[in-house]
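What follows is the content of work.pdb (PDB, C-alpha atoms).
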ATOM      1  CA  MET A   1      22.900 -60.319 -75.719
ATOM      2  CA  THR A   2      23.639 -57.168 -74.115
ATOM      3  CA  ASP A   3      24.552 -56.803 -70.502
ATOM      4  CA  GLN A   4      22.340 -54.217 -68.862
ATOM      5  CA  THR A   5      24.049 -53.799 -65.522
ATOM      6  CA  THR A   6      24.025 -50.395 -63.999
ATOM      7  CA  ASP A   7      27.263 -48.686 -63.342
ATOM      8  CA  SER A   8      27.151 -47.751 -59.634
ATOM      9  CA  THR A   9      30.118 -45.439 -59.949
ATOM     10  CA  ASN A  10      28.090 -42.923 -61.920
ATOM     11  CA  ASP A  11      24.827 -43.365 -60.039
ATOM     12  CA  PRO A  12      24.740 -41.142 -56.903
ATOM     13  CA  THR A  13      21.978 -43.198 -55.285
ATOM     14  CA  GLY A  14      24.146 -46.283 -55.198
ATOM     15  CA  ALA A  15      22.762 -49.743 -54.771
ATOM     16  CA  SER A  16      20.538 -48.845 -51.798
ATOM     17  CA  GLY A  17      18.698 -45.966 -53.421
ATOM     18  CA  ILE A  18      19.967 -43.362 -50.887
ATOM     19  CA  ASP A  19      21.595 -40.254 -52.293
ATOM     20  CA  LEU A  20      25.109 -40.117 -50.762
ATOM     21  CA  THR A  21      26.292 -37.068 -52.684
ATOM     22  CA  PRO A  22      27.806 -34.403 -50.347
ATOM     23  CA  GLN A  23      25.654 -31.300 -50.218
ATOM     24  CA  SER A  24      27.354 -28.020 -49.422
ATOM     25  CA  ASN A  25      24.251 -25.786 -49.163
ATOM     26  CA  ARG A  26      22.153 -28.104 -47.036
ATOM     27  CA  GLN A  27      20.329 -26.293 -44.194
ATOM     28  CA  VAL A  28      20.876 -28.200 -40.921
ATOM     29  CA  ARG A  29      18.582 -26.104 -38.699
ATOM     30  CA  GLY A  30      15.137 -24.753 -39.336
ATOM     31  CA  PRO A  31      14.708 -21.117 -40.334
ATOM     32  CA  HIS A  32      13.536 -20.088 -36.796
ATOM     33  CA  SER A  33      16.029 -22.019 -34.648
ATOM     34  CA  LYS A  34      18.321 -19.017 -34.071
ATOM     35  CA  GLY A  35      15.443 -16.937 -32.657
ATOM     36  CA  ARG A  36      14.238 -19.886 -30.575
ATOM     37  CA  ASN A  37      17.714 -20.329 -29.054
ATOM     38  CA  ARG A  38      17.828 -16.642 -28.137
ATOM     39  CA  LEU A  39      14.415 -16.926 -26.508
ATOM     40  CA  ILE A  40      15.517 -19.935 -24.429
ATOM     41  CA  VAL A  41      18.758 -18.271 -23.306
ATOM     42  CA  GLY A  42      16.891 -15.032 -22.506
ATOM     43  CA  SER A  43      14.262 -16.905 -20.467
ATOM     44  CA  ILE A  44      16.900 -18.779 -18.476
ATOM     45  CA  THR A  45      18.756 -15.519 -17.809
ATOM     46  CA  LEU A  46      15.579 -13.829 -16.539
ATOM     47  CA  VAL A  47      14.749 -16.740 -14.238
ATOM     48  CA  LEU A  48      18.273 -16.792 -12.788
ATOM     49  CA  ALA A  49      18.224 -13.012 -12.267
ATOM     50  CA  PHE A  50      14.859 -13.245 -10.457
ATOM     51  CA  VAL A  51      16.067 -16.079  -8.190
ATOM     52  CA  LEU A  52      19.270 -14.177  -7.385
ATOM     53  CA  PHE A  53      17.330 -10.985  -6.598
ATOM     54  CA  LYS A  54      14.919 -12.821  -4.254
ATOM     55  CA  ALA A  55      17.768 -14.626  -2.498
ATOM     56  CA  LEU A  56      19.742 -11.451  -1.897
ATOM     57  CA  SER A  57      16.777  -9.329  -0.840
ATOM     58  CA  SER A  58      15.464 -11.876   1.653
ATOM     59  CA  ALA A  59      18.903 -12.613   3.068
ATOM     60  CA  SER A  60      19.717  -9.061   4.020
ATOM     61  CA  VAL A  61      19.231  -8.158   7.673
ATOM     62  CA  PHE A  62      18.193  -4.546   8.041
ATOM     63  CA  PHE A  63      16.704  -2.573  10.887
ATOM     64  CA  TYR A  64      15.770   0.999  11.654
ATOM     65  CA  ASN A  65      16.839   2.930  14.720
ATOM     66  CA  VAL A  66      13.879   4.111  16.821
ATOM     67  CA  ASP A  67      14.297   7.718  15.669
ATOM     68  CA  GLU A  68      14.307   6.657  11.981
ATOM     69  CA  ALA A  69      11.284   4.364  12.407
ATOM     70  CA  VAL A  70       9.293   7.110  14.162
ATOM     71  CA  ALA A  71      10.229   9.639  11.454
ATOM     72  CA  GLU A  72       9.216   7.201   8.681
ATOM     73  CA  GLN A  73       6.160   5.794  10.476
ATOM     74  CA  VAL A  74       3.694   6.854   7.752
ATOM     75  CA  GLU A  75       5.838   5.411   4.935
ATOM     76  CA  LEU A  76       6.414   2.143   6.831
ATOM     77  CA  GLY A  77       2.697   1.758   7.550
ATOM     78  CA  GLU A  78       1.840  -1.766   8.650
ATOM     79  CA  ARG A  79       4.841  -3.329   6.896
ATOM     80  CA  THR A  80       6.870  -5.673   9.129
ATOM     81  CA  PHE A  81      10.423  -4.521   9.876
ATOM     82  CA  ARG A  82      13.061  -4.548  12.616
ATOM     83  CA  MET A  83      13.766  -1.644  14.935
ATOM     84  CA  GLN A  84      16.607  -1.206  17.411
ATOM     85  CA  GLY A  85      16.751   0.805  20.590
ATOM     86  CA  VAL A  86      17.408   0.680  24.319
ATOM     87  CA  VAL A  87      14.726  -0.337  26.823
ATOM     88  CA  VAL A  88      13.834   2.814  28.796
ATOM     89  CA  SER A  89      10.787   1.793  30.832
ATOM     90  CA  GLU A  90      10.083  -1.219  33.014
ATOM     91  CA  PRO A  91       8.404  -4.004  30.974
ATOM     92  CA  VAL A  92       4.880  -4.665  32.262
ATOM     93  CA  LYS A  93       3.040  -7.923  31.530
ATOM     94  CA  ASP A  94      -0.769  -7.831  31.607
ATOM     95  CA  ALA A  95      -3.189 -10.718  32.334
ATOM     96  CA  THR A  96      -3.304 -11.742  28.641
ATOM     97  CA  GLY A  97       0.493 -12.058  28.423
ATOM     98  CA  VAL A  98       1.046  -8.859  26.425
ATOM     99  CA  ILE A  99       4.236  -7.012  27.446
ATOM    100  CA  THR A 100       4.387  -3.224  27.131
ATOM    101  CA  PHE A 101       7.535  -1.125  27.496
ATOM    102  CA  GLY A 102       9.339   1.811  25.932
ATOM    103  CA  VAL A 103      12.481   1.944  23.805
ATOM    104  CA  SER A 104      14.602   4.921  22.801
ATOM    105  CA  PHE A 105      17.342   5.870  20.358
ATOM    106  CA  ASN A 106      18.812   9.371  19.856
ATOM    107  CA  ASP A 107      16.351  10.799  22.426
ATOM    108  CA  VAL A 108      13.309   9.576  20.469
ATOM    109  CA  ASP A 109      10.959   7.157  22.281
ATOM    110  CA  ALA A 110       8.526   4.540  21.010
ATOM    111  CA  GLU A 111       5.899   2.574  22.898
ATOM    112  CA  ILE A 112       6.124  -1.178  22.300
ATOM    113  CA  ARG A 113       3.341  -3.737  22.679
ATOM    114  CA  HIS A 114       4.853  -7.225  22.476
ATOM    115  CA  ILE A 115       2.709 -10.252  21.642
ATOM    116  CA  GLY A 116       4.626 -13.492  21.511
ATOM    117  CA  GLU A 117       7.358 -15.357  23.307
ATOM    118  CA  GLU A 118       8.600 -13.727  26.449
ATOM    119  CA  PRO A 119      12.175 -12.493  26.080
ATOM    120  CA  THR A 120      15.041 -13.874  28.157
ATOM    121  CA  ASP A 121      15.846 -12.761  31.685
ATOM    122  CA  LEU A 122      18.448 -10.387  30.174
ATOM    123  CA  PHE A 123      15.499  -8.220  29.103
ATOM    124  CA  GLU A 124      15.588  -5.181  31.407
ATOM    125  CA  ILE A 125      15.946  -1.394  31.454
ATOM    126  CA  GLY A 126      19.125  -0.235  29.738
ATOM    127  CA  MET A 127      19.478  -3.316  27.503
ATOM    128  CA  PRO A 128      19.790  -2.815  23.748
ATOM    129  CA  VAL A 129      17.108  -4.718  21.827
ATOM    130  CA  VAL A 130      16.091  -5.391  18.239
ATOM    131  CA  ILE A 131      12.333  -5.688  17.880
ATOM    132  CA  GLU A 132      10.487  -7.146  14.894
ATOM    133  CA  GLY A 133       6.934  -6.068  14.170
ATOM    134  CA  HIS A 134       4.891  -3.240  12.637
ATOM    135  CA  TRP A 135       3.228   0.043  13.506
ATOM    136  CA  ASP A 136      -0.345  -0.079  14.769
ATOM    137  CA  GLY A 137      -1.218   3.565  15.065
ATOM    138  CA  ARG A 138       1.325   5.184  17.376
ATOM    139  CA  VAL A 139       2.239   1.880  19.058
ATOM    140  CA  PHE A 140       4.764  -0.574  17.639
ATOM    141  CA  GLU A 141       3.343  -4.135  17.791
ATOM    142  CA  SER A 142       6.193  -6.543  18.283
ATOM    143  CA  THR A 143       6.192 -10.272  17.501
ATOM    144  CA  GLN A 144       9.843 -10.949  18.325
ATOM    145  CA  ILE A 145      12.388  -9.387  20.678
ATOM    146  CA  LEU A 146      16.109 -10.018  20.279
ATOM    147  CA  VAL A 147      18.083  -8.935  23.348
ATOM    148  CA  LYS A 148      21.608  -7.788  22.617
ATOM    149  CA  HIS A 149      23.984  -8.652  25.419
ATOM    150  CA  SER A 150      27.506  -7.515  26.195
ATOM    151  CA  GLU A 151      30.503  -9.699  25.540
ATOM    152  CA  THR A 152      31.727  -9.270  29.113
ATOM    153  CA  TYR A 153      31.398 -12.425  31.176
ATOM    154  CA  ILE A 154      31.126 -12.183  34.947
ATOM    155  CA  ALA A 155      31.287 -15.453  36.830
ATOM    156  CA  ASP A 156      28.377 -16.263  39.128
ATOM    157  CA  ASN A 157      30.685 -17.537  41.879
ATOM    158  CA  GLU A 158      33.548 -15.093  41.801
ATOM    159  CA  GLY A 159      35.384 -16.653  44.816
ATOM    160  CA  ASN A 160      35.552 -20.228  43.496
ATOM    161  CA  GLN A 161      39.038 -19.804  42.031
ATOM    162  CA  ASP A 162      40.472 -19.674  45.568
ATOM    163  CA  ARG A 163      39.150 -23.037  46.725
ATOM    164  CA  PRO A 164      41.572 -25.967  47.163
ATOM    165  CA  GLY A 165      42.163 -28.083  44.040
ATOM    166  CA  VAL A 166      41.566 -25.211  41.635
ATOM    167  CA  GLY A 167      44.563 -23.667  39.924
ATOM    168  CA  GLU A 168      45.234 -20.168  38.621
ATOM    169  CA  ASN A 169      42.286 -18.458  36.828
ATOM    170  CA  GLY A 170      39.910 -21.183  38.011
ATOM    171  CA  VAL A 171      41.532 -23.893  35.847
ATOM    172  CA  LEU A 172      42.091 -27.358  37.279
ATOM    173  CA  PRO A 173      45.795 -28.307  37.632
TER     174      PRO A 173
END

Just dump the structure as structure tokens.
Amino acid sequence: MTDQTTDSTNDPTGASGIDLTPQSNRQVRGPHSKGRNRLIVGSITLVLAFVLFKALSSASVFFYNVDEAVAEQVELGERTFRMQGVVVSEPVKDATGVITFGVSFNDVDAEIRHIGEEPTDLFEIGMPVVIEGHWDGRVFESTQILVKHSETYIADNEGNQDRPGVGENGVLP
């Protein structure tokens, strides 16, 4: 009788039938995985660049002076932008609520037609303003008025600091 046992030390498949021999030239990735990885990284980079560009371009606050906006009126067309100047004519409100007035910067004037919320009571001749809107022919149609005010504060009741119970500079003791 001969013993016909298999010698597992010489058989690379072992008892389970799985080849456990180390392979040095085995290809782990597919032949196109390097190109696919570059495509993914490139796509992510493009998306991030686009998002960054949009965020920075929409976050910037830019406005034209009246003289610049008048000089570039044709190029600006009906595009919405901001324009700064000083109110030079008395604002007039018509029956429909539209306010018309003039602004100036560097001796160049522009006629403004404002449709929208009425500006604050600081809105008067001589006040610097930033106006958002677009050109409609030779008239600037405004949808928003931002009134710039000075940083000087003048108390409404100048004499109150002299009343009894109030200390120096109007501060309570």

Which residues are close to A:Arg138, i.e. within 12 Å by all atoms listed in the file, leaving aside same-chain residues fewer than 5 positions away? Reply as a PyMOL selection string.
chain A and resi 69-74+77-78+109-113

File of the preceding selection, C-alpha atoms, as a JSON list (two decimals), in the frame of the given file:
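Generated file (again10.json):
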[["chain", "number", "residue", "atom", "x", "y", "z"],
["A", 69, "ALA", "CA", 11.28, 4.36, 12.41],
["A", 70, "VAL", "CA", 9.29, 7.11, 14.16],
["A", 71, "ALA", "CA", 10.23, 9.64, 11.45],
["A", 72, "GLU", "CA", 9.22, 7.20, 8.68],
["A", 73, "GLN", "CA", 6.16, 5.79, 10.48],
["A", 74, "VAL", "CA", 3.69, 6.85, 7.75],
["A", 77, "GLY", "CA", 2.70, 1.76, 7.55],
["A", 78, "GLU", "CA", 1.84, -1.77, 8.65],
["A", 109, "ASP", "CA", 10.96, 7.16, 22.28],
["A", 110, "ALA", "CA", 8.53, 4.54, 21.01],
["A", 111, "GLU", "CA", 5.90, 2.57, 22.90],
["A", 112, "ILE", "CA", 6.12, -1.18, 22.30],
["A", 113, "ARG", "CA", 3.34, -3.74, 22.68]]

Explicit residues for the PyMOL selection byres ((chain A and resi 91-107) around 10) (as an NGL selection string)
:A and (65-68 or 83-90 or 108-119 or 123-131 or 139-142)

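Take atom CA of A:Tyr64 and atom CA of A:Thr143: the distance between them is 15.9 Å.
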
Please measure the separation of atom CA of A:Val51 and atom CA of A:Gln144, giving the value in Å to one decimal.
27.7 Å

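Using all atoms listed in the file, the shortest contact distance between A:Thr80 and any of A:Ser43, A:Ala55, A:Pro22, A:Phe62 is found at A:Phe62.
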
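From atom CA of A:Phe53 back to atom CA of A:Glu75, the distance works out to 23.1 Å.
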